[in-house]
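As structure tokens, the structure follows; a few thoughts come after it.
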Amino acid sequence: TAGEVAQDLKEVVYCVGGFVRDLFLKVPNFDMDLVVEGDGQKLATELAERLGGKVRVHDRFRTAVVTLPDGTKIDVATARTEYYEYPAALPKVEKSSLKEDMYRRDFTINTLAICLNPGHFGDLIDYFGGRKDLMNGSIRILYNFSFVEDPTRILRAIRFEQRYRFTIEADTLRFARDAIERRMLGRLSYKRILAELILILNEKDPVPALERIRGTGVWKYLLPEIDVDDVSWKTIKRVPVVMGWWEEQYYSRKIKPWLIYIVVFFAQLSFEQVEAEMQRYPFDRYAKGCIMDSLGIPALAEDISRRSYLSPSDLDKMIASVTNENLIYLLLCIKDEEAWDRVARYLDLKDKIELEVNGYDLLELGLKPGPIFKEILDELYYLKLDEKIHNYE
Ligand code: CTP
């Protein structure tokens, strides 16, 4: 449809970036980026109208985001056009505007474009040898000062390298090392550092990237307050394993993977140091609460492991308000197999049971409202958790 809209508007539209890269790698990718040679905002508005979606435009960057009814997001950017400079050679200029847009990007593997216009649908445009680098598994920058211009690209290079098991090409690695030595990452704000760190930690298995970060001297720019040698790497390596198990069991309990790693990293800090981290990094409210609560998790794990018996309702009283991320951290801290099984069983039961009685039922029974209501409902809930009463079938 985007191609048809472009055709009607006498523009050219390309699908670019990560989507095309992942198409070649046969990796699913649901983020669609379009580049329009012409007026991207106009195309986005028209596209949203035809597909029944919504559009949000950002004038400053000449970009727009189309959200389709199914939630799919399409980013639409405008390629710089230079009609005035070369009025006589329009077709050539149209091409070069896409080229210029691609040239400003991070790595060659992200510079592939596929034309969507009818008649040229599916034409691959590869100005910088991106396809060859994709096939060879090379991460290559487009111009020498790429890392100086945007130091987050050092972290992106490591992220892509480890995600696809690619290699940072030799010259690119040299420029990256040079930028690291010149402390370019030190220029980034904590906000940007955190955003990149979250992207790394949200990778399916971020451990190889973290090891690369450690090996290239980048760690001190990411989490300078954390002593890398003092991190429990054994625990970090178990995070993806436990998370995989969790997703299988409790897929409806959503988690923020990055937050689990952060909590494990911060385990070596004192209360005051954690508070200082909260000041530095712009964590959201949920993350802040989670990190603060995580300080009590190792003691809780010890307590649970030490007791010879804990019923599901006993556990509920101890951990009902613990966030999912901290529950995983708790499981990581529990070494005792029996204690682990007890917590897992409690989580299973908690997901299954449902209280059919509520305050209105108690009112109907003629009870006077007050704290007693909560007590009765809690007690019923505990009885169910402990399987002393069963769901009404
Ligand atoms: N980009 C860049 N420099 C950056 C960030 C992004 O040049 N510091 C470019 C990349 O070429 C990328 C595009 O902007 O293809 C979109 O960025 P983003 O959505 O972050 O990247 P994806 O390639 O889609 O990566 P991911 O698969 O991790 O979402």
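We name chains A, B, ... following the order of the structure tokens; residues begin at 1 in each chain, and ligands are numbered from 1 as shown.
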Practice item. Can you tell me which residues come within 7 Å of ligand 1 when counting only C-alpha atoms and all ligand atoms, ideally as an NGL selection string? Key: :A and (17-19 or 31 or 104-107 or 110-111 or 150 or 152-153)
What does the file look like for those residues with all heavy atoms, as a CSV table (one decimal), in the first residue's frame?
chain,number,residue,atom,x,y,z
A,17,GLY,N,16.8,-0.2,6.5
A,17,GLY,CA,17.3,-0.4,7.8
A,17,GLY,C,17.2,-1.8,8.3
A,17,GLY,O,17.3,-2.8,7.6
A,18,GLY,N,16.9,-1.9,9.6
A,18,GLY,CA,16.8,-3.2,10.3
A,18,GLY,C,15.9,-4.2,9.7
A,18,GLY,O,16.2,-5.4,9.7
A,19,PHE,N,14.8,-3.7,9.2
A,19,PHE,CA,13.8,-4.6,8.6
A,19,PHE,C,14.4,-5.4,7.4
A,19,PHE,O,14.2,-6.6,7.3
A,19,PHE,CB,12.5,-3.9,8.2
A,19,PHE,CG,11.4,-4.7,7.7
A,19,PHE,CD1,10.5,-5.3,8.6
A,19,PHE,CD2,11.3,-5.1,6.4
A,19,PHE,CE1,9.5,-6.1,8.2
A,19,PHE,CE2,10.2,-5.9,5.9
A,19,PHE,CZ,9.3,-6.4,6.9
A,31,ASP,N,9.5,-4.1,13.2
A,31,ASP,CA,9.6,-2.6,13.1
A,31,ASP,C,9.9,-2.2,11.7
A,31,ASP,O,10.9,-2.6,11.2
A,31,ASP,CB,10.7,-2.1,14.0
A,31,ASP,CG,10.5,-2.3,15.4
A,31,ASP,OD1,9.3,-2.3,15.8
A,31,ASP,OD2,11.5,-2.6,16.2
A,104,ARG,N,24.4,8.5,6.1
A,104,ARG,CA,24.5,9.0,7.5
A,104,ARG,C,24.3,7.9,8.5
A,104,ARG,O,24.3,8.2,9.7
A,104,ARG,CB,23.4,10.1,7.6
A,104,ARG,CG,23.8,11.4,7.1
A,104,ARG,CD,22.8,12.5,7.4
A,104,ARG,NE,21.6,12.4,6.5
A,104,ARG,CZ,20.4,12.2,7.0
A,104,ARG,NH1,20.1,12.2,8.2
A,104,ARG,NH2,19.4,12.2,6.1
A,105,ARG,N,24.0,6.7,8.1
A,105,ARG,CA,23.7,5.6,9.1
A,105,ARG,C,25.0,5.0,9.6
A,105,ARG,O,26.1,5.3,9.3
A,105,ARG,CB,22.8,4.6,8.4
A,105,ARG,CG,21.5,5.3,8.1
A,105,ARG,CD,20.5,4.3,7.5
A,105,ARG,NE,19.3,5.1,7.3
A,105,ARG,CZ,18.1,4.8,7.8
A,105,ARG,NH1,17.9,3.8,8.6
A,105,ARG,NH2,17.0,5.6,7.6
A,106,ASP,N,24.7,4.0,10.6
A,106,ASP,CA,25.8,3.5,11.3
A,106,ASP,C,26.7,2.5,10.6
A,106,ASP,O,27.9,2.7,10.4
A,106,ASP,CB,25.3,2.9,12.7
A,106,ASP,CG,24.1,2.0,12.5
A,106,ASP,OD1,23.7,1.7,11.4
A,106,ASP,OD2,23.6,1.5,13.5
A,107,PHE,N,26.0,1.4,10.1
A,107,PHE,CA,26.8,0.3,9.5
A,107,PHE,C,26.3,-0.1,8.1
A,107,PHE,O,25.1,0.1,7.9
A,107,PHE,CB,26.8,-0.9,10.4
A,107,PHE,CG,27.2,-0.6,11.9
A,107,PHE,CD1,26.3,-0.7,12.9
A,107,PHE,CD2,28.4,-0.1,12.2
A,107,PHE,CE1,26.6,-0.4,14.2
A,107,PHE,CE2,28.8,0.3,13.5
A,107,PHE,CZ,27.8,0.1,14.5
A,110,ASN,N,23.1,-1.9,7.7
A,110,ASN,CA,21.8,-1.2,7.9
A,110,ASN,C,21.5,-0.2,6.7
A,110,ASN,O,20.6,0.6,6.9
A,110,ASN,CB,21.9,-0.4,9.2
A,110,ASN,CG,21.8,-1.3,10.4
A,110,ASN,OD1,21.3,-2.4,10.3
A,110,ASN,ND2,22.4,-0.9,11.5
A,111,THR,N,22.2,-0.3,5.6
A,111,THR,CA,22.0,0.6,4.5
A,111,THR,C,21.3,0.0,3.3
A,111,THR,O,21.3,0.7,2.3
A,111,THR,CB,23.3,1.2,4.1
A,111,THR,OG1,24.1,0.2,3.5
A,111,THR,CG2,24.1,2.0,5.2
A,150,ASP,N,29.0,9.8,16.7
A,150,ASP,CA,27.9,9.2,17.5
A,150,ASP,C,28.5,8.0,18.2
A,150,ASP,O,28.5,6.9,17.8
A,150,ASP,CB,26.8,8.7,16.6
A,150,ASP,CG,25.6,8.1,17.4
A,150,ASP,OD1,25.8,7.9,18.6
A,150,ASP,OD2,24.6,7.8,16.8
A,152,THR,N,27.5,6.2,20.6
A,152,THR,CA,26.6,5.1,20.9
A,152,THR,C,26.8,4.0,19.9
A,152,THR,O,26.5,2.8,20.1
A,152,THR,CB,25.1,5.4,20.9
A,152,THR,OG1,24.7,5.9,19.6
A,152,THR,CG2,24.8,6.5,21.9
A,153,ARG,N,27.3,4.3,18.7
A,153,ARG,CA,27.6,3.3,17.7
A,153,ARG,C,28.6,2.3,18.1
A,153,ARG,O,28.6,1.1,17.6
A,153,ARG,CB,28.0,4.0,16.4
A,153,ARG,CG,26.8,4.7,15.7
A,153,ARG,CD,27.2,5.5,14.5
A,153,ARG,NE,26.0,6.0,13.9
A,153,ARG,CZ,26.1,6.9,12.9
A,153,ARG,NH1,27.2,7.3,12.4
A,153,ARG,NH2,24.9,7.3,12.3
Skipping near chain neighbours, those fewer than 5 positions away, what residues fall within 12 Å of A:Lys42 using only C-alpha atoms, listed as a PDB file with N, CA, C and O atoms, in the first residue's frame?
ATOM      1  N   ALA A   2       1.956   1.230   0.790  1.00  0.00           N
ATOM      2  CA  ALA A   2       2.822   2.416   0.861  1.00  0.00           C
ATOM      3  C   ALA A   2       3.325   2.782  -0.533  1.00  0.00           C
ATOM      4  O   ALA A   2       3.388   3.963  -0.890  1.00  0.00           O
ATOM      5  N   VAL A   5       0.539   4.496  -2.490  1.00  0.00           N
ATOM      6  CA  VAL A   5       0.377   5.875  -2.024  1.00  0.00           C
ATOM      7  C   VAL A   5       1.475   6.751  -2.608  1.00  0.00           C
ATOM      8  O   VAL A   5       1.221   7.843  -3.128  1.00  0.00           O
ATOM      9  N   ALA A   6       2.705   6.235  -2.561  1.00  0.00           N
ATOM     10  CA  ALA A   6       3.846   7.001  -3.085  1.00  0.00           C
ATOM     11  C   ALA A   6       3.645   7.292  -4.569  1.00  0.00           C
ATOM     12  O   ALA A   6       3.858   8.419  -5.018  1.00  0.00           O
ATOM     13  N   ASP A   8       0.875   7.508  -6.225  1.00  0.00           N
ATOM     14  CA  ASP A   8      -0.159   8.532  -6.380  1.00  0.00           C
ATOM     15  C   ASP A   8       0.378   9.919  -6.068  1.00  0.00           C
ATOM     16  O   ASP A   8      -0.048  10.913  -6.653  1.00  0.00           O
ATOM     17  N   LEU A   9       1.285   9.997  -5.104  1.00  0.00           N
ATOM     18  CA  LEU A   9       1.837  11.298  -4.713  1.00  0.00           C
ATOM     19  C   LEU A   9       3.053  11.670  -5.567  1.00  0.00           C
ATOM     20  O   LEU A   9       3.718  12.663  -5.319  1.00  0.00           O
ATOM     21  N   LYS A  10       3.363  10.795  -6.527  1.00  0.00           N
ATOM     22  CA  LYS A  10       4.545  10.975  -7.400  1.00  0.00           C
ATOM     23  C   LYS A  10       5.825  11.028  -6.563  1.00  0.00           C
ATOM     24  O   LYS A  10       6.699  11.878  -6.755  1.00  0.00           O
ATOM     25  N   GLU A  11       5.881  10.137  -5.617  1.00  0.00           N
ATOM     26  CA  GLU A  11       7.082  10.042  -4.776  1.00  0.00           C
ATOM     27  C   GLU A  11       7.624   8.614  -4.860  1.00  0.00           C
ATOM     28  O   GLU A  11       6.986   7.743  -5.459  1.00  0.00           O
ATOM     29  N   VAL A  13       9.116   5.452  -2.424  1.00  0.00           N
ATOM     30  CA  VAL A  13       9.234   5.028  -1.029  1.00  0.00           C
ATOM     31  C   VAL A  13      10.048   3.736  -0.945  1.00  0.00           C
ATOM     32  O   VAL A  13       9.932   2.854  -1.799  1.00  0.00           O
ATOM     33  N   VAL A  36      11.115   8.141   2.421  1.00  0.00           N
ATOM     34  CA  VAL A  36      10.383   8.668   1.261  1.00  0.00           C
ATOM     35  C   VAL A  36      11.217   9.737   0.585  1.00  0.00           C
ATOM     36  O   VAL A  36      11.742  10.630   1.250  1.00  0.00           O
ATOM     37  N   GLU A  37      11.339   9.606  -0.699  1.00  0.00           N
ATOM     38  CA  GLU A  37      11.945  10.699  -1.455  1.00  0.00           C
ATOM     39  C   GLU A  37      10.790  11.597  -1.860  1.00  0.00           C
ATOM     40  O   GLU A  37      10.053  11.284  -2.791  1.00  0.00           O
ATOM     41  N   LEU A  47      -1.182   7.220   4.113  1.00  0.00           N
ATOM     42  CA  LEU A  47      -1.073   5.784   4.396  1.00  0.00           C
ATOM     43  C   LEU A  47      -1.959   5.415   5.587  1.00  0.00           C
ATOM     44  O   LEU A  47      -2.699   4.428   5.552  1.00  0.00           O
ATOM     45  N   ALA A  48      -1.904   6.247   6.622  1.00  0.00           N
ATOM     46  CA  ALA A  48      -2.701   5.989   7.828  1.00  0.00           C
ATOM     47  C   ALA A  48      -4.186   6.000   7.467  1.00  0.00           C
ATOM     48  O   ALA A  48      -4.956   5.164   7.927  1.00  0.00           O
ATOM     49  N   GLU A  49      -4.564   6.935   6.619  1.00  0.00           N
ATOM     50  CA  GLU A  49      -5.962   7.052   6.221  1.00  0.00           C
ATOM     51  C   GLU A  49      -6.428   5.798   5.488  1.00  0.00           C
ATOM     52  O   GLU A  49      -7.460   5.227   5.796  1.00  0.00           O
ATOM     53  N   VAL A  55      -1.727   8.631  12.752  1.00  0.00           N
ATOM     54  CA  VAL A  55      -0.425   9.184  12.388  1.00  0.00           C
ATOM     55  C   VAL A  55      -0.003  10.252  13.391  1.00  0.00           C
ATOM     56  O   VAL A  55      -0.831  10.990  13.918  1.00  0.00           O
ATOM     57  N   ARG A  56       1.304  10.258  13.684  1.00  0.00           N
ATOM     58  CA  ARG A  56       1.857  11.316  14.541  1.00  0.00           C
ATOM     59  C   ARG A  56       3.067  11.890  13.815  1.00  0.00           C
ATOM     60  O   ARG A  56       3.969  11.145  13.437  1.00  0.00           O
ATOM     61  N   VAL A  57       3.071  13.189  13.593  1.00  0.00           N
ATOM     62  CA  VAL A  57       4.196  13.759  12.845  1.00  0.00           C
ATOM     63  C   VAL A  57       5.118  14.567  13.759  1.00  0.00           C
ATOM     64  O   VAL A  57       4.676  15.154  14.738  1.00  0.00           O
ATOM     65  N   HIS A  58       6.413  14.496  13.445  1.00  0.00           N
ATOM     66  CA  HIS A  58       7.410  15.287  14.169  1.00  0.00           C
ATOM     67  C   HIS A  58       8.023  16.244  13.166  1.00  0.00           C
ATOM     68  O   HIS A  58       8.854  15.836  12.359  1.00  0.00           O
ATOM     69  N   ASP A  59       7.589  17.493  13.243  1.00  0.00           N
ATOM     70  CA  ASP A  59       8.020  18.460  12.236  1.00  0.00           C
ATOM     71  C   ASP A  59       9.518  18.687  12.210  1.00  0.00           C
ATOM     72  O   ASP A  59      10.126  18.821  11.164  1.00  0.00           O
ATOM     73  N   ARG A  62      11.152  16.026  10.319  1.00  0.00           N
ATOM     74  CA  ARG A  62      10.444  15.652   9.090  1.00  0.00           C
ATOM     75  C   ARG A  62      10.153  14.142   9.066  1.00  0.00           C
ATOM     76  O   ARG A  62      10.357  13.461   8.069  1.00  0.00           O
ATOM     77  N   THR A  63       9.747  13.621  10.214  1.00  0.00           N
ATOM     78  CA  THR A  63       9.407  12.202  10.286  1.00  0.00           C
ATOM     79  C   THR A  63       7.974  12.055  10.771  1.00  0.00           C
ATOM     80  O   THR A  63       7.354  13.020  11.213  1.00  0.00           O
ATOM     81  N   ALA A  64       7.461  10.833  10.677  1.00  0.00           N
ATOM     82  CA  ALA A  64       6.113  10.543  11.157  1.00  0.00           C
ATOM     83  C   ALA A  64       6.053   9.078  11.570  1.00  0.00           C
ATOM     84  O   ALA A  64       6.845   8.253  11.100  1.00  0.00           O
ATOM     85  N   VAL A  65       5.146   8.778  12.476  1.00  0.00           N
ATOM     86  CA  VAL A  65       4.934   7.386  12.874  1.00  0.00           C
ATOM     87  C   VAL A  65       3.480   7.023  12.581  1.00  0.00           C
ATOM     88  O   VAL A  65       2.568   7.725  12.998  1.00  0.00           O
ATOM     89  N   VAL A  66       3.303   5.943  11.831  1.00  0.00           N
ATOM     90  CA  VAL A  66       1.954   5.453  11.558  1.00  0.00           C
ATOM     91  C   VAL A  66       1.714   4.240  12.455  1.00  0.00           C
ATOM     92  O   VAL A  66       2.543   3.335  12.507  1.00  0.00           O
ATOM     93  N   VAL A  76       8.223   6.673   9.326  1.00  0.00           N
ATOM     94  CA  VAL A  76       8.390   7.230   7.984  1.00  0.00           C
ATOM     95  C   VAL A  76       9.318   8.446   8.059  1.00  0.00           C
ATOM     96  O   VAL A  76       9.049   9.393   8.793  1.00  0.00           O
ATOM     97  N   ALA A  77      10.419   8.379   7.317  1.00  0.00           N
ATOM     98  CA  ALA A  77      11.364   9.499   7.304  1.00  0.00           C
ATOM     99  C   ALA A  77      11.387  10.117   5.912  1.00  0.00           C
ATOM    100  O   ALA A  77      11.026   9.473   4.928  1.00  0.00           O
ATOM    101  N   THR A  78      11.812  11.361   5.868  1.00  0.00           N
ATOM    102  CA  THR A  78      11.925  12.043   4.582  1.00  0.00           C
ATOM    103  C   THR A  78      13.393  12.118   4.210  1.00  0.00           C
ATOM    104  O   THR A  78      14.206  12.595   4.995  1.00  0.00           O
TER     105      THR A  78
END
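Atom pair atom CA of A:Leu134 / atom CA of A:Ile193: separated by 27.0 Å.
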**Study point:** Members of stretch 140-386 of chain A assigned helix (DSSP H, G or I) by DSSP, as a PyMOL selection string
**Key:** chain A and resi 146-149+152-163+170-181+184-187+190-201+207-215+219-222+228-230+233-249+257-266+271-280+285-294+297-306+312-319+324-333+337-352+359-364+371-385
Check your understanding: Could you write out, as a VMD selection string, all the residues of stretch 53-83 of chain A that DSSP marks as strand (DSSP E or B)?
Key -> chain A and resid 54 to 58 63 to 67 73 to 79
Writer output for current selection, C-alpha atoms, as an mmCIF file, in the first residue's frame:
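Just written: selection32.cif:
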data_model
loop_
_atom_site.group_PDB
_atom_site.id
_atom_site.type_symbol
_atom_site.label_atom_id
_atom_site.label_comp_id
_atom_site.auth_asym_id
_atom_site.auth_seq_id
_atom_site.Cartn_x
_atom_site.Cartn_y
_atom_site.Cartn_z
ATOM 1 C CA LYS A 54 -3.228 6.807 13.247
ATOM 2 C CA VAL A 55 -0.425 9.184 12.388
ATOM 3 C CA ARG A 56 1.857 11.316 14.541
ATOM 4 C CA VAL A 57 4.196 13.759 12.845
ATOM 5 C CA HIS A 58 7.410 15.287 14.169
ATOM 6 C CA THR A 63 9.407 12.202 10.286
ATOM 7 C CA ALA A 64 6.113 10.543 11.157
ATOM 8 C CA VAL A 65 4.934 7.386 12.874
ATOM 9 C CA VAL A 66 1.954 5.453 11.558
ATOM 10 C CA THR A 67 0.259 3.087 14.018
ATOM 11 C CA LYS A 73 4.312 0.836 14.007
ATOM 12 C CA ILE A 74 5.763 2.218 10.805
ATOM 13 C CA ASP A 75 8.387 4.954 10.984
ATOM 14 C CA VAL A 76 8.390 7.230 7.984
ATOM 15 C CA ALA A 77 11.364 9.499 7.304
ATOM 16 C CA THR A 78 11.925 12.043 4.582
ATOM 17 C CA ALA A 79 15.090 11.755 2.554
#
Practice item. Would you mind listing what lies within 12 Å of A:Leu188 as a count of residues only, with only C-alpha atoms counted and same-chain residues fewer than 6 positions away left out? Key: 13
Exercise for review: Considering only C-alpha atoms, return as a VMD selection string whatever protein or nucleic-acid residues lie within 12 Å of A:Asn358, sequence-local ones (same chain, fewer than 6 positions apart) excluded.
Suggested key: chain A and resid 364 to 365 369 373 to 378 380 to 381
Pull C-alpha atoms from the residues just selected and write them as an mmCIF file, in the first residue's frame.
data_model
loop_
_atom_site.group_PDB
_atom_site.id
_atom_site.type_symbol
_atom_site.label_atom_id
_atom_site.label_comp_id
_atom_site.auth_asym_id
_atom_site.auth_seq_id
_atom_site.Cartn_x
_atom_site.Cartn_y
_atom_site.Cartn_z
ATOM 1 C CA GLU A 364 -25.566 -9.992 51.145
ATOM 2 C CA LEU A 365 -24.828 -12.366 53.977
ATOM 3 C CA PRO A 369 -18.532 -3.690 56.255
ATOM 4 C CA PHE A 373 -14.112 -8.053 55.096
ATOM 5 C CA LYS A 374 -10.449 -8.047 54.145
ATOM 6 C CA GLU A 375 -9.673 -10.615 56.806
ATOM 7 C CA ILE A 376 -12.374 -12.991 55.577
ATOM 8 C CA LEU A 377 -11.412 -12.593 51.927
ATOM 9 C CA ASP A 378 -7.693 -13.024 52.718
ATOM 10 C CA LEU A 380 -10.510 -17.602 51.922
ATOM 11 C CA TYR A 381 -7.718 -16.824 49.484
#
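Going from atom CA of A:Tyr382 to atom CA of A:Ser321 covers 15.0 Å.
Of the listed residues A:Gln249, A:Asn144, A:Ser305, A:Asn202, the one whose atoms come nearest to A:Leu331 is A:Ser305, with distances taken using only C-alpha atoms.
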Point to revise | Distance query stretch 278-283 of chain A at most 12 Å, only C-alpha atoms, self and fewer than 3 positions along chain excluded, as an NGL selection string | key: :A and (189-195 or 197-198 or 222-225 or 258-259 or 262 or 266 or 271-275 or 286-292)
